[in-house]
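Content type TSV, N, CA and C atoms, from the file coords_14.tsv:
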chain	number	residue	atom	x	y	z
A	1	ILE	N	16.12	9.53	11.19
A	1	ILE	CA	16.06	8.97	9.85
A	1	ILE	C	14.74	8.25	9.62
A	2	LEU	N	14.30	7.42	10.54
A	2	LEU	CA	13.06	6.68	10.32
A	2	LEU	C	11.86	7.60	10.22
A	3	ASN	N	11.82	8.69	10.97
A	3	ASN	CA	10.72	9.63	10.83
A	3	ASN	C	10.70	10.26	9.46
A	4	VAL	N	11.87	10.60	8.94
A	4	VAL	CA	11.94	11.16	7.59
A	4	VAL	C	11.44	10.14	6.58
A	5	LEU	N	11.86	8.89	6.73
A	5	LEU	CA	11.44	7.87	5.78
A	5	LEU	C	9.95	7.60	5.86
A	6	SER	N	9.39	7.57	7.05
A	6	SER	CA	8.00	7.18	7.21
A	6	SER	C	7.02	8.31	6.96
A	7	TYR	N	7.34	9.53	7.37
A	7	TYR	CA	6.33	10.57	7.37
A	7	TYR	C	6.48	11.62	6.29
A	8	ASP	N	7.63	11.75	5.70
A	8	ASP	CA	7.80	12.76	4.68
A	8	ASP	C	7.56	12.21	3.27
A	9	ARG	N	7.24	10.94	3.18
A	9	ARG	CA	7.03	10.34	1.87
A	9	ARG	C	5.53	10.18	1.62
A	10	PRO	N	5.03	10.66	0.51
A	10	PRO	CA	3.58	10.55	0.24
A	10	PRO	C	3.21	9.15	-0.24
A	11	HIS	N	1.94	8.84	-0.13
A	11	HIS	CA	1.39	7.63	-0.74
A	11	HIS	C	1.14	7.94	-2.21
A	12	MET	N	1.23	6.93	-3.06
A	12	MET	CA	0.97	7.17	-4.48
A	12	MET	C	-0.49	7.60	-4.68
A	13	ILE	N	-1.42	6.86	-4.07
A	13	ILE	CA	-2.84	7.23	-4.10
A	13	ILE	C	-3.35	7.16	-2.67
A	14	HIS	N	-3.98	8.24	-2.21
A	14	HIS	CA	-4.54	8.32	-0.86
A	14	HIS	C	-5.96	8.86	-0.99
A	15	MET	N	-6.93	8.04	-0.61
A	15	MET	CA	-8.33	8.44	-0.68
A	15	MET	C	-8.99	8.26	0.68
A	16	GLU	N	-9.85	9.20	1.04
A	16	GLU	CA	-10.60	9.17	2.30
A	16	GLU	C	-12.08	9.31	1.98
A	17	GLN	N	-12.91	8.62	2.75
A	17	GLN	CA	-14.37	8.72	2.65
A	17	GLN	C	-14.85	8.63	1.20
A	18	THR	N	-14.62	7.47	0.63
A	18	THR	CA	-14.94	7.23	-0.77
A	18	THR	C	-15.89	6.05	-0.88
A	19	THR	N	-16.88	6.16	-1.76
A	19	THR	CA	-17.83	5.07	-1.98
A	19	THR	C	-17.90	4.73	-3.46
A	20	ASP	N	-18.35	3.49	-3.71
A	20	ASP	CA	-18.63	3.03	-5.07
A	20	ASP	C	-17.45	3.30	-6.02
A	21	LEU	N	-16.29	2.83	-5.62
A	21	LEU	CA	-15.06	3.07	-6.36
A	21	LEU	C	-14.57	1.80	-7.03
A	22	GLN	N	-14.07	1.91	-8.25
A	22	GLN	CA	-13.38	0.82	-8.93
A	22	GLN	C	-12.01	1.32	-9.37
A	23	ILE	N	-11.00	0.52	-9.06
A	23	ILE	CA	-9.64	0.78	-9.52
A	23	ILE	C	-9.22	-0.46	-10.28
A	24	TYR	N	-8.88	-0.32	-11.56
A	24	TYR	CA	-8.56	-1.50	-12.36
A	24	TYR	C	-7.69	-1.15	-13.56
A	25	ASP	N	-7.03	-2.20	-14.09
A	25	ASP	CA	-6.20	-2.09	-15.29
A	25	ASP	C	-5.11	-1.01	-15.18
A	26	LEU	N	-4.43	-0.97	-14.03
A	26	LEU	CA	-3.37	0.01	-13.82
A	26	LEU	C	-2.11	-0.67	-13.31
A	27	THR	N	-0.98	-0.02	-13.53
A	27	THR	CA	0.30	-0.45	-12.97
A	27	THR	C	0.85	0.68	-12.12
A	28	PHE	N	1.24	0.33	-10.88
A	28	PHE	CA	1.82	1.29	-9.94
A	28	PHE	C	3.27	0.89	-9.70
A	29	THR	N	4.20	1.82	-9.86
A	29	THR	CA	5.62	1.52	-9.72
A	29	THR	C	6.30	2.52	-8.78
A	30	ASN	N	7.03	1.98	-7.79
A	30	ASN	CA	7.92	2.76	-6.92
A	30	ASN	C	7.24	3.90	-6.17
A	31	SER	N	6.17	3.58	-5.47
A	31	SER	CA	5.56	4.60	-4.62
A	31	SER	C	6.54	4.99	-3.51
A	32	PRO	N	6.57	6.25	-3.13
A	32	PRO	CA	7.44	6.66	-2.02
A	32	PRO	C	7.06	5.96	-0.70
A	33	GLN	N	5.78	5.64	-0.53
A	33	GLN	CA	5.32	4.90	0.63
A	33	GLN	C	4.23	3.95	0.15
A	34	TYR	N	3.07	3.88	0.77
A	34	TYR	CA	2.04	2.93	0.32
A	34	TYR	C	1.62	3.26	-1.11
A	35	HIS	N	1.36	2.22	-1.89
A	35	HIS	CA	0.89	2.45	-3.26
A	35	HIS	C	-0.56	2.91	-3.27
A	36	LEU	N	-1.44	2.20	-2.54
A	36	LEU	CA	-2.85	2.58	-2.45
A	36	LEU	C	-3.24	2.61	-0.97
A	37	TYR	N	-3.52	3.78	-0.45
A	37	TYR	CA	-3.99	3.93	0.93
A	37	TYR	C	-5.41	4.45	0.87
A	38	LEU	N	-6.35	3.58	1.23
A	38	LEU	CA	-7.77	3.89	1.08
A	38	LEU	C	-8.43	3.78	2.45
A	39	HIS	N	-8.86	4.91	3.01
A	39	HIS	CA	-9.36	4.95	4.39
A	39	HIS	C	-10.83	5.39	4.41
A	40	ASP	N	-11.61	4.70	5.22
A	40	ASP	CA	-13.05	4.96	5.37
A	40	ASP	C	-13.75	4.86	4.01
A	41	ILE	N	-13.67	3.66	3.44
A	41	ILE	CA	-14.22	3.41	2.11
A	41	ILE	C	-15.37	2.41	2.19
A	42	LEU	N	-16.25	2.47	1.21
A	42	LEU	CA	-17.42	1.60	1.17
A	42	LEU	C	-17.67	1.16	-0.27
A	43	ASP	N	-17.88	-0.13	-0.46
A	43	ASP	CA	-18.19	-0.69	-1.77
A	43	ASP	C	-17.11	-0.37	-2.80
A	44	VAL	N	-15.94	-0.94	-2.57
A	44	VAL	CA	-14.77	-0.68	-3.42
A	44	VAL	C	-14.31	-1.98	-4.06
A	45	THR	N	-13.99	-1.93	-5.34
A	45	THR	CA	-13.45	-3.06	-6.08
A	45	THR	C	-12.12	-2.64	-6.70
A	46	ILE	N	-11.12	-3.47	-6.47
A	46	ILE	CA	-9.79	-3.25	-7.05
A	46	ILE	C	-9.41	-4.54	-7.77
A	47	HIS	N	-9.11	-4.44	-9.06
A	47	HIS	CA	-8.78	-5.66	-9.80
A	47	HIS	C	-7.88	-5.37	-11.00
A	48	ASP	N	-7.20	-6.43	-11.40
A	48	ASP	CA	-6.33	-6.40	-12.58
A	48	ASP	C	-5.32	-5.25	-12.49
A	49	ILE	N	-4.59	-5.23	-11.37
A	49	ILE	CA	-3.55	-4.22	-11.20
A	49	ILE	C	-2.21	-4.90	-10.94
A	50	VAL	N	-1.16	-4.17	-11.23
A	50	VAL	CA	0.21	-4.59	-10.96
A	50	VAL	C	0.84	-3.54	-10.06
A	51	ILE	N	1.51	-4.00	-9.01
A	51	ILE	CA	2.28	-3.11	-8.13
A	51	ILE	C	3.70	-3.63	-8.14
A	52	TYR	N	4.64	-2.74	-8.47
A	52	TYR	CA	6.02	-3.18	-8.62
A	52	TYR	C	6.97	-2.18	-7.98
A	53	VAL	N	7.85	-2.68	-7.14
A	53	VAL	CA	8.92	-1.87	-6.56
A	53	VAL	C	10.23	-2.30	-7.23
A	54	ASP	N	10.85	-1.37	-7.92
A	54	ASP	CA	12.13	-1.58	-8.60
A	54	ASP	C	13.23	-1.37	-7.56
A	55	THR	N	13.85	-2.43	-7.12
A	55	THR	CA	14.83	-2.34	-6.03
A	55	THR	C	16.04	-1.47	-6.40
A	56	GLU	N	16.47	-1.53	-7.62
A	56	GLU	CA	17.62	-0.70	-8.02
A	56	GLU	C	17.27	0.78	-7.95
A	57	GLU	N	16.08	1.15	-8.37
A	57	GLU	CA	15.65	2.55	-8.29
A	57	GLU	C	15.48	2.97	-6.84
A	58	GLN	N	14.91	2.10	-6.00
A	58	GLN	CA	14.77	2.41	-4.58
A	58	GLN	C	16.14	2.65	-3.95
A	59	GLN	N	17.12	1.80	-4.26
A	59	GLN	CA	18.47	1.97	-3.74
A	59	GLN	C	19.05	3.32	-4.16
A	60	ARG	N	18.88	3.64	-5.43
A	60	ARG	CA	19.41	4.91	-5.95
A	60	ARG	C	18.78	6.09	-5.21
A	61	LEU	N	17.47	6.07	-5.02
A	61	LEU	CA	16.79	7.16	-4.33
A	61	LEU	C	17.25	7.29	-2.89
A	62	LEU	N	17.33	6.16	-2.19
A	62	LEU	CA	17.74	6.20	-0.79
A	62	LEU	C	19.19	6.67	-0.64
A	63	LYS	N	20.06	6.21	-1.53
A	63	LYS	CA	21.45	6.65	-1.49
A	63	LYS	C	21.56	8.15	-1.75
A	64	SER	N	20.74	8.66	-2.66
A	64	SER	CA	20.80	10.09	-2.98
A	64	SER	C	20.36	10.95	-1.79
A	65	HIS	N	19.61	10.36	-0.84
A	65	HIS	CA	19.18	11.09	0.36
A	65	HIS	C	19.94	10.63	1.60
A	66	ASN	N	21.04	9.90	1.37
A	66	ASN	CA	21.91	9.41	2.45
A	66	ASN	C	21.18	8.58	3.50
A	67	VAL	N	20.24	7.75	3.08
A	67	VAL	CA	19.53	6.88	4.03
A	67	VAL	C	19.57	5.42	3.58
A	68	TRP	N	20.59	5.04	2.86
A	68	TRP	CA	20.72	3.67	2.37
A	68	TRP	C	21.33	2.79	3.44
A	69	GLY	N	20.87	1.56	3.57
A	69	GLY	CA	21.49	0.58	4.45
A	69	GLY	C	20.68	0.27	5.68
A	70	TRP	N	21.35	0.26	6.83
A	70	TRP	CA	20.73	-0.12	8.10
A	70	TRP	C	20.80	1.05	9.06
A	71	HIS	N	19.77	1.20	9.87
A	71	HIS	CA	19.75	2.22	10.91
A	71	HIS	C	19.30	1.57	12.21
A	72	GLU	N	20.18	1.53	13.18
A	72	GLU	CA	19.88	0.93	14.47
A	72	GLU	C	19.35	-0.50	14.33
A	73	GLY	N	19.96	-1.26	13.41
A	73	GLY	CA	19.60	-2.65	13.23
A	73	GLY	C	18.36	-2.89	12.39
A	74	ILE	N	17.78	-1.83	11.83
A	74	ILE	CA	16.57	-1.96	11.02
A	74	ILE	C	16.92	-1.66	9.57
A	75	PRO	N	16.57	-2.55	8.63
A	75	PRO	CA	16.84	-2.23	7.23
A	75	PRO	C	15.96	-1.08	6.76
A	76	VAL	N	16.53	-0.16	6.00
A	76	VAL	CA	15.75	0.98	5.50
A	76	VAL	C	15.50	0.84	4.00
A	77	PHE	N	15.54	-0.38	3.52
A	77	PHE	CA	15.30	-0.58	2.09
A	77	PHE	C	14.52	-1.84	1.86
A	78	PRO	N	13.55	-1.86	1.02
A	78	PRO	CA	12.61	-0.74	0.90
A	78	PRO	C	11.75	-0.72	2.15
A	79	LEU	N	11.28	0.41	2.56
A	79	LEU	CA	10.56	0.55	3.82
A	79	LEU	C	9.17	1.12	3.57
A	80	ASN	N	8.17	0.41	4.04
A	80	ASN	CA	6.78	0.85	3.93
A	80	ASN	C	6.35	1.11	2.49
A	81	THR	N	6.63	0.16	1.63
A	81	THR	CA	6.15	0.24	0.25
A	81	THR	C	4.97	-0.70	0.09
A	82	ASP	N	4.04	-0.66	1.07
A	82	ASP	CA	2.85	-1.52	1.03
A	82	ASP	C	2.15	-1.41	-0.32
A	83	GLY	N	1.48	-2.49	-0.68
A	83	GLY	CA	0.71	-2.49	-1.92
A	83	GLY	C	-0.61	-1.77	-1.75
A	84	ILE	N	-1.58	-2.45	-1.10
A	84	ILE	CA	-2.92	-1.90	-0.93
A	84	ILE	C	-3.24	-1.91	0.56
A	85	ASP	N	-3.56	-0.76	1.12
A	85	ASP	CA	-3.92	-0.63	2.54
A	85	ASP	C	-5.34	-0.10	2.64
A	86	PRO	N	-6.33	-1.00	2.67
A	86	PRO	CA	-7.72	-0.56	2.78
A	86	PRO	C	-8.21	-0.53	4.22
A	87	ALA	N	-9.12	0.38	4.50
A	87	ALA	CA	-9.84	0.42	5.78
A	87	ALA	C	-11.27	0.81	5.45
A	88	GLY	N	-12.18	-0.12	5.67
A	88	GLY	CA	-13.57	0.17	5.35
A	88	GLY	C	-14.41	-1.09	5.24
A	89	LYS	N	-15.42	-1.03	4.40
A	89	LYS	CA	-16.44	-2.08	4.35
A	89	LYS	C	-16.78	-2.43	2.90
A	90	ASN	N	-17.00	-3.71	2.66
A	90	ASN	CA	-17.39	-4.23	1.33
A	90	ASN	C	-16.31	-3.94	0.28
A	91	ILE	N	-15.19	-4.59	0.47
A	91	ILE	CA	-14.03	-4.38	-0.40
A	91	ILE	C	-13.67	-5.70	-1.07
A	92	HIS	N	-13.54	-5.68	-2.39
A	92	HIS	CA	-13.17	-6.87	-3.15
A	92	HIS	C	-11.91	-6.56	-3.95
A	93	ILE	N	-10.86	-7.33	-3.68
A	93	ILE	CA	-9.57	-7.16	-4.36
A	93	ILE	C	-9.25	-8.47	-5.05
A	94	TYR	N	-9.03	-8.43	-6.37
A	94	TYR	CA	-8.73	-9.67	-7.07
A	94	TYR	C	-7.88	-9.41	-8.31
A	95	ASN	N	-7.24	-10.50	-8.75
A	95	ASN	CA	-6.36	-10.45	-9.93
A	95	ASN	C	-5.30	-9.35	-9.79
A	96	ILE	N	-4.52	-9.46	-8.71
A	96	ILE	CA	-3.44	-8.49	-8.51
A	96	ILE	C	-2.10	-9.22	-8.59
A	97	ASN	N	-1.10	-8.51	-9.04
A	97	ASN	CA	0.25	-9.03	-9.18
A	97	ASN	C	1.19	-8.04	-8.49
A	98	VAL	N	1.82	-8.48	-7.39
A	98	VAL	CA	2.58	-7.55	-6.56
A	98	VAL	C	4.00	-8.05	-6.29
A	99	THR	N	4.96	-7.17	-6.54
A	99	THR	CA	6.36	-7.36	-6.16
A	99	THR	C	6.77	-6.10	-5.41
A	100	ASN	N	6.79	-6.16	-4.08
A	100	ASN	CA	7.04	-4.92	-3.33
A	100	ASN	C	7.90	-5.08	-2.08
A	101	TYR	N	8.29	-6.30	-1.71
A	101	TYR	CA	9.16	-6.53	-0.55
A	101	TYR	C	8.52	-6.04	0.76
A	102	ASP	N	7.21	-5.95	0.79
A	102	ASP	CA	6.50	-5.46	1.97
A	102	ASP	C	5.10	-6.06	1.97
A	103	ASP	N	4.20	-5.49	2.78
A	103	ASP	CA	2.83	-6.00	2.83
A	103	ASP	C	2.15	-5.83	1.47
A	104	VAL	N	1.53	-6.89	1.01
A	104	VAL	CA	0.83	-6.83	-0.27
A	104	VAL	C	-0.54	-6.19	-0.06
A	105	VAL	N	-1.33	-6.75	0.83
A	105	VAL	CA	-2.59	-6.15	1.26
A	105	VAL	C	-2.53	-6.07	2.78
A	106	ALA	N	-2.63	-4.89	3.33
A	106	ALA	CA	-2.59	-4.69	4.79
A	106	ALA	C	-3.89	-4.01	5.21
A	107	VAL	N	-4.83	-4.80	5.70
A	107	VAL	CA	-6.12	-4.27	6.13
A	107	VAL	C	-5.90	-3.43	7.38
A	108	LYS	N	-6.31	-2.18	7.32
A	108	LYS	CA	-6.15	-1.25	8.43
A	108	LYS	C	-7.44	-1.17	9.25
A	109	PRO	N	-7.32	-0.85	10.54
A	109	PRO	CA	-8.51	-0.74	11.38
A	109	PRO	C	-9.27	0.55	11.13
A	110	MET	N	-10.54	0.53	11.43
A	110	MET	CA	-11.38	1.73	11.42
A	110	MET	C	-11.71	2.05	12.88
A	111	ASN	N	-12.30	3.20	13.11
A	111	ASN	CA	-12.76	3.52	14.46
A	111	ASN	C	-14.20	4.02	14.39
A	112	LYS	N	-14.76	4.35	15.49
A	112	LYS	CA	-16.17	4.74	15.55
A	112	LYS	C	-16.45	6.09	14.89
A	113	HIS	N	-15.42	6.76	14.40
A	113	HIS	CA	-15.61	8.07	13.80
A	113	HIS	C	-15.67	8.02	12.27
A	114	GLY	N	-15.71	6.81	11.71
A	114	GLY	CA	-15.78	6.69	10.26
A	114	GLY	C	-17.14	7.12	9.72
A	115	ARG	N	-17.14	7.69	8.55
A	115	ARG	CA	-18.39	8.10	7.91
A	115	ARG	C	-19.11	6.89	7.30
A	116	TYR	N	-18.33	5.98	6.68
A	116	TYR	CA	-18.93	4.85	5.98
A	116	TYR	C	-18.79	3.53	6.70
A	117	SER	N	-17.92	3.48	7.67
A	117	SER	CA	-17.72	2.23	8.40
A	117	SER	C	-17.06	2.52	9.74
A	118	ASP	N	-17.45	1.77	10.77
A	118	ASP	CA	-16.78	1.92	12.05
A	118	ASP	C	-15.86	0.74	12.34
A	119	CYS	N	-15.76	-0.17	11.37
A	119	CYS	CA	-14.91	-1.35	11.52
A	119	CYS	C	-14.57	-1.88	10.13
A	120	SER	N	-13.32	-2.23	9.89
A	120	SER	CA	-12.97	-2.85	8.60
A	120	SER	C	-13.61	-4.23	8.56
A	121	GLN	N	-14.42	-4.48	7.53
A	121	GLN	CA	-15.17	-5.72	7.47
A	121	GLN	C	-15.60	-6.05	6.04
A	122	ASN	N	-15.92	-7.32	5.85
A	122	ASN	CA	-16.39	-7.82	4.56
A	122	ASN	C	-15.39	-7.52	3.45
A	123	ILE	N	-14.17	-8.02	3.64
A	123	ILE	CA	-13.08	-7.79	2.69
A	123	ILE	C	-12.65	-9.13	2.11
A	124	LEU	N	-12.64	-9.23	0.80
A	124	LEU	CA	-12.26	-10.46	0.11
A	124	LEU	C	-11.08	-10.17	-0.81
A	125	VAL	N	-10.01	-10.95	-0.64
A	125	VAL	CA	-8.84	-10.85	-1.52
A	125	VAL	C	-8.66	-12.21	-2.17
A	126	GLU	N	-8.60	-12.24	-3.50
A	126	GLU	CA	-8.43	-13.51	-4.19
A	126	GLU	C	-7.58	-13.33	-5.45
A	127	ASN	N	-6.97	-14.43	-5.82
A	127	ASN	CA	-6.10	-14.48	-6.99
A	127	ASN	C	-5.01	-13.39	-6.95
A	128	ALA	N	-4.24	-13.42	-5.86
A	128	ALA	CA	-3.14	-12.49	-5.70
A	128	ALA	C	-1.82	-13.21	-5.97
A	129	VAL	N	-1.08	-12.74	-6.94
A	129	VAL	CA	0.24	-13.27	-7.24
A	129	VAL	C	1.25	-12.39	-6.50
A	130	VAL	N	2.02	-12.99	-5.60
A	130	VAL	CA	2.95	-12.25	-4.77
A	130	VAL	C	4.37	-12.73	-5.05
A	131	ARG	N	5.22	-11.80	-5.45
A	131	ARG	CA	6.65	-12.08	-5.63
A	131	ARG	C	7.41	-11.15	-4.71
A	132	HIS	N	8.24	-11.70	-3.87
A	132	HIS	CA	9.06	-10.90	-2.96
A	132	HIS	C	8.20	-9.91	-2.15
A	133	GLY	N	7.16	-10.44	-1.51
A	133	GLY	CA	6.29	-9.64	-0.65
A	133	GLY	C	6.04	-10.36	0.65
A	134	VAL	N	5.57	-9.63	1.64
A	134	VAL	CA	5.27	-10.20	2.94
A	134	VAL	C	3.95	-10.96	2.92
A	135	GLY	N	3.03	-10.56	2.06
A	135	GLY	CA	1.74	-11.23	1.98
A	135	GLY	C	0.64	-10.36	2.53
A	136	MET	N	-0.34	-11.00	3.17
A	136	MET	CA	-1.51	-10.29	3.67
A	136	MET	C	-1.36	-10.06	5.17
A	137	THR	N	-1.71	-8.85	5.64
A	137	THR	CA	-1.61	-8.55	7.06
A	137	THR	C	-2.86	-7.79	7.51
A	138	ILE	N	-3.07	-7.80	8.81
A	138	ILE	CA	-4.17	-7.03	9.40
A	138	ILE	C	-3.55	-6.13	10.46
A	139	GLY	N	-3.82	-4.84	10.34
A	139	GLY	CA	-3.33	-3.86	11.33
A	139	GLY	C	-2.26	-2.97	10.81

Take the structure in the file and write it out as structure tokens.
Amino acid sequence: ILNVLSYDRPHMIHMEQTTDLQIYDLTFTNSPQYHLYLHDILDVTIHDIVIYVDTEEQQRLLKSHNVWGWHEGIPVFPLNTDGIDPAGKNIHIYNINVTNYDDVVAVKPMNKHGRYSDCSQNILVENAVVRHGVGMTIG
């Protein structure tokens, strides 16, 4: 069940090797997994966005796939509905409003094989309103 939940669900937005990007003035609702997964990015600004997980809709979807409730002591609702998962360099995230019951901003590691960065660095998050979220994480 956990493999189905984690790996068969797409991210709402998934970008790789991207530079000089701005994401702003958007609302993201009920991503199957991460709302924004941005890997190997450089000079990215994300601002004035809303990320919202509708718990009733999540329950309905999980029940329709017979994966509602608990599995081996782990809650499967909502699972891995991260807000913004960046990995890269020179990232500014501000004026965000997130209700997702999971990581709001989860900085991911880079490795030496990145095109634009070999380490996640120079990341600033400010003015984040978090309702029913885990907050900020690294890793």

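Each of A:Glu56, A:Asp20, A:Asp40, A:Glu126 was compared to Pro109 in chain A using all atoms listed in the file, and A:Asp40 turns out to be the nearest.
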
Need the shell around Ala87 in chain A: protein/DNA/RNA residues with any atom at most 6 Å away, counting all atoms listed in the file. Skip same-chain ones fewer than 3 positions apart. Format as a compact mmCIF listing (two decimals) with N, CA and C atoms, in the frame of the given file?
# COMPACT_ATOMS: atom_id res chain seq x y z
N LEU A 38 -6.35 3.58 1.23
CA LEU A 38 -7.77 3.89 1.08
C LEU A 38 -8.43 3.78 2.45
N HIS A 39 -8.86 4.91 3.01
CA HIS A 39 -9.36 4.95 4.39
C HIS A 39 -10.83 5.39 4.41
N ASP A 40 -11.61 4.70 5.22
CA ASP A 40 -13.05 4.96 5.37
C ASP A 40 -13.75 4.86 4.01
N ILE A 41 -13.67 3.66 3.44
CA ILE A 41 -14.22 3.41 2.11
C ILE A 41 -15.37 2.41 2.19
N VAL A 107 -4.83 -4.80 5.70
CA VAL A 107 -6.12 -4.27 6.13
C VAL A 107 -5.90 -3.43 7.38
N LYS A 108 -6.31 -2.18 7.32
CA LYS A 108 -6.15 -1.25 8.43
C LYS A 108 -7.44 -1.17 9.25
N PRO A 109 -7.32 -0.85 10.54
CA PRO A 109 -8.51 -0.74 11.38
C PRO A 109 -9.27 0.55 11.13
N MET A 110 -10.54 0.53 11.43
CA MET A 110 -11.38 1.73 11.42
C MET A 110 -11.71 2.05 12.88
N SER A 120 -13.32 -2.23 9.89
CA SER A 120 -12.97 -2.85 8.60
C SER A 120 -13.61 -4.23 8.56

>> Using all atoms listed in the file, which protein or nucleic acid residues come within 7 Å of Tyr37 in chain A? Drop anything in the same chain fewer than 4 positions from it, and give the result as a list in words.
In response: His11, Met12, Ile13, His14, Met15, Glu16, Gly83, Ile84, Asp85, Pro86 and Ala87 of chain A

>> Could you go through chain A and tell me which residues DSSP, when run on the backbone, assigns to strand (DSSP E), listing them as a count of residues only?
In response: 74

>> Between atom C of Thr29 in chain A and CA of Asn122 in chain A, what distance in Å does the model show, to one decimal?
In response: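 Separating atom C of Thr29 in chain A from CA of Asn122 in chain A is a distance of 28.3 Å.
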
>> Quick one: residues within 6 Å of Val53 in chain A, only N, CA and C atoms, excluding same-chain residues fewer than 2 positions away - as a PyMOL selection string?
In response: chain A and resi 29-30+51+55+99-100

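Candidate residues A:Gly133, A:Gly88, A:Pro10, A:Ser117 were compared for distance to His35 in chain A, and the nearest is A:Pro10, using all atoms listed in the file.
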
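The residue that comes closest to Val129 in chain A, out of A:Tyr34, A:Phe28, A:Tyr116, A:Tyr94 and on the basis of only N, CA and C atoms, is A:Tyr94.
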
> Rounded to one decimal in Å, what is the spacing between atom N of Gln17 in chain A and atom N of Asp102 in chain A?
Replying inline: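 Interatomic distance here is 24.9 Å.
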
> What is the CA of Thr81 in chain A to CA of Ile138 in chain A distance in Å?
Replying inline: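 Atom-to-atom, CA of Thr81 in chain A to CA of Ile138 in chain A, that is 15.6 Å.
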
>> Need to verify the contact set: Asp48 in chain A, 9 Å, only C-alpha atoms, exclusion of same-chain residues closer than 4 positions in sequence. Can you return it as a VMD selection string?
In response: chain A and resid 23 to 27 93 to 97

> Of the candidates A:Asn90, A:Arg9, A:Gln22, A:Leu62, which shows the shortest atom-to-atom distance to Leu42 in chain A, using all atoms listed in the file?
Replying inline: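 For Leu42 in chain A, the nearest of the given residues is A:Asn90.
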
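Considering the residues A:Lys89, A:Met136, A:Arg131, A:Gln58 and counting all atoms listed in the file, Val105 in chain A has its shortest atom-to-atom contact with A:Met136.
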
> Which of these residues is nearest to Val98 in chain A, using only C-alpha atoms: A:Val134, A:Leu21, A:Val44, A:Leu61?
Replying inline: A:Val134

Each side padded by 6 Å, which centre and which edge lengths in Å (one decimal) define the axis-aligned box around the listed atoms of range 105-124 of chain A? Give them as JSON.
{"center_x": -10.2, "center_y": -1.2, "center_z": 7.4, "size_x": 29.8, "size_y": 30.6, "size_z": 28.4}

Please, can range 35-39 of chain A be completed to all heavy atoms and returned as a PDB file, keeping the file's coordinate frame?
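New file part-v8.pdb:
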ATOM      1  N   HIS A  35       1.360   2.220  -1.890  1.00  0.00           N
ATOM      2  CA  HIS A  35       0.890   2.450  -3.260  1.00  0.00           C
ATOM      3  C   HIS A  35      -0.560   2.910  -3.270  1.00  0.00           C
ATOM      4  O   HIS A  35      -0.906   3.872  -3.950  1.00  0.00           O
ATOM      5  CB  HIS A  35       1.094   1.194  -4.110  1.00  0.00           C
ATOM      6  CG  HIS A  35       2.531   0.954  -4.430  1.00  0.00           C
ATOM      7  ND1 HIS A  35       3.414   0.390  -3.534  1.00  0.00           N
ATOM      8  CD2 HIS A  35       3.253   1.232  -5.535  1.00  0.00           C
ATOM      9  CE1 HIS A  35       4.614   0.311  -4.077  1.00  0.00           C
ATOM     10  NE2 HIS A  35       4.546   0.828  -5.296  1.00  0.00           N
ATOM     11  N   LEU A  36      -1.440   2.200  -2.540  1.00  0.00           N
ATOM     12  CA  LEU A  36      -2.850   2.580  -2.450  1.00  0.00           C
ATOM     13  C   LEU A  36      -3.240   2.610  -0.970  1.00  0.00           C
ATOM     14  O   LEU A  36      -3.288   1.565  -0.320  1.00  0.00           O
ATOM     15  CB  LEU A  36      -3.750   1.566  -3.168  1.00  0.00           C
ATOM     16  CG  LEU A  36      -3.590   1.439  -4.670  1.00  0.00           C
ATOM     17  CD1 LEU A  36      -4.332   0.220  -5.187  1.00  0.00           C
ATOM     18  CD2 LEU A  36      -4.116   2.692  -5.349  1.00  0.00           C
ATOM     19  N   TYR A  37      -3.520   3.780  -0.450  1.00  0.00           N
ATOM     20  CA  TYR A  37      -3.990   3.930   0.930  1.00  0.00           C
ATOM     21  C   TYR A  37      -5.410   4.450   0.870  1.00  0.00           C
ATOM     22  O   TYR A  37      -5.662   5.588   0.464  1.00  0.00           O
ATOM     23  CB  TYR A  37      -3.095   4.895   1.707  1.00  0.00           C
ATOM     24  CG  TYR A  37      -3.523   5.064   3.140  1.00  0.00           C
ATOM     25  CD1 TYR A  37      -3.363   4.030   4.063  1.00  0.00           C
ATOM     26  CD2 TYR A  37      -4.094   6.253   3.576  1.00  0.00           C
ATOM     27  CE1 TYR A  37      -3.757   4.176   5.379  1.00  0.00           C
ATOM     28  CE2 TYR A  37      -4.487   6.407   4.894  1.00  0.00           C
ATOM     29  CZ  TYR A  37      -4.322   5.363   5.782  1.00  0.00           C
ATOM     30  OH  TYR A  37      -4.726   5.509   7.096  1.00  0.00           O
ATOM     31  N   LEU A  38      -6.350   3.580   1.230  1.00  0.00           N
ATOM     32  CA  LEU A  38      -7.770   3.890   1.080  1.00  0.00           C
ATOM     33  C   LEU A  38      -8.430   3.780   2.450  1.00  0.00           C
ATOM     34  O   LEU A  38      -8.573   2.693   3.001  1.00  0.00           O
ATOM     35  CB  LEU A  38      -8.411   2.903   0.097  1.00  0.00           C
ATOM     36  CG  LEU A  38      -7.652   2.734  -1.229  1.00  0.00           C
ATOM     37  CD1 LEU A  38      -8.214   1.576  -2.025  1.00  0.00           C
ATOM     38  CD2 LEU A  38      -7.684   4.019  -2.031  1.00  0.00           C
ATOM     39  N   HIS A  39      -8.860   4.910   3.010  1.00  0.00           N
ATOM     40  CA  HIS A  39      -9.360   4.950   4.390  1.00  0.00           C
ATOM     41  C   HIS A  39     -10.830   5.390   4.410  1.00  0.00           C
ATOM     42  O   HIS A  39     -11.216   6.339   3.740  1.00  0.00           O
ATOM     43  CB  HIS A  39      -8.512   5.929   5.214  1.00  0.00           C
ATOM     44  CG  HIS A  39      -8.869   5.935   6.650  1.00  0.00           C
ATOM     45  ND1 HIS A  39      -9.683   6.884   7.199  1.00  0.00           N
ATOM     46  CD2 HIS A  39      -8.541   5.099   7.657  1.00  0.00           C
ATOM     47  CE1 HIS A  39      -9.837   6.640   8.480  1.00  0.00           C
ATOM     48  NE2 HIS A  39      -9.152   5.566   8.790  1.00  0.00           N
TER      49      HIS A  39
END
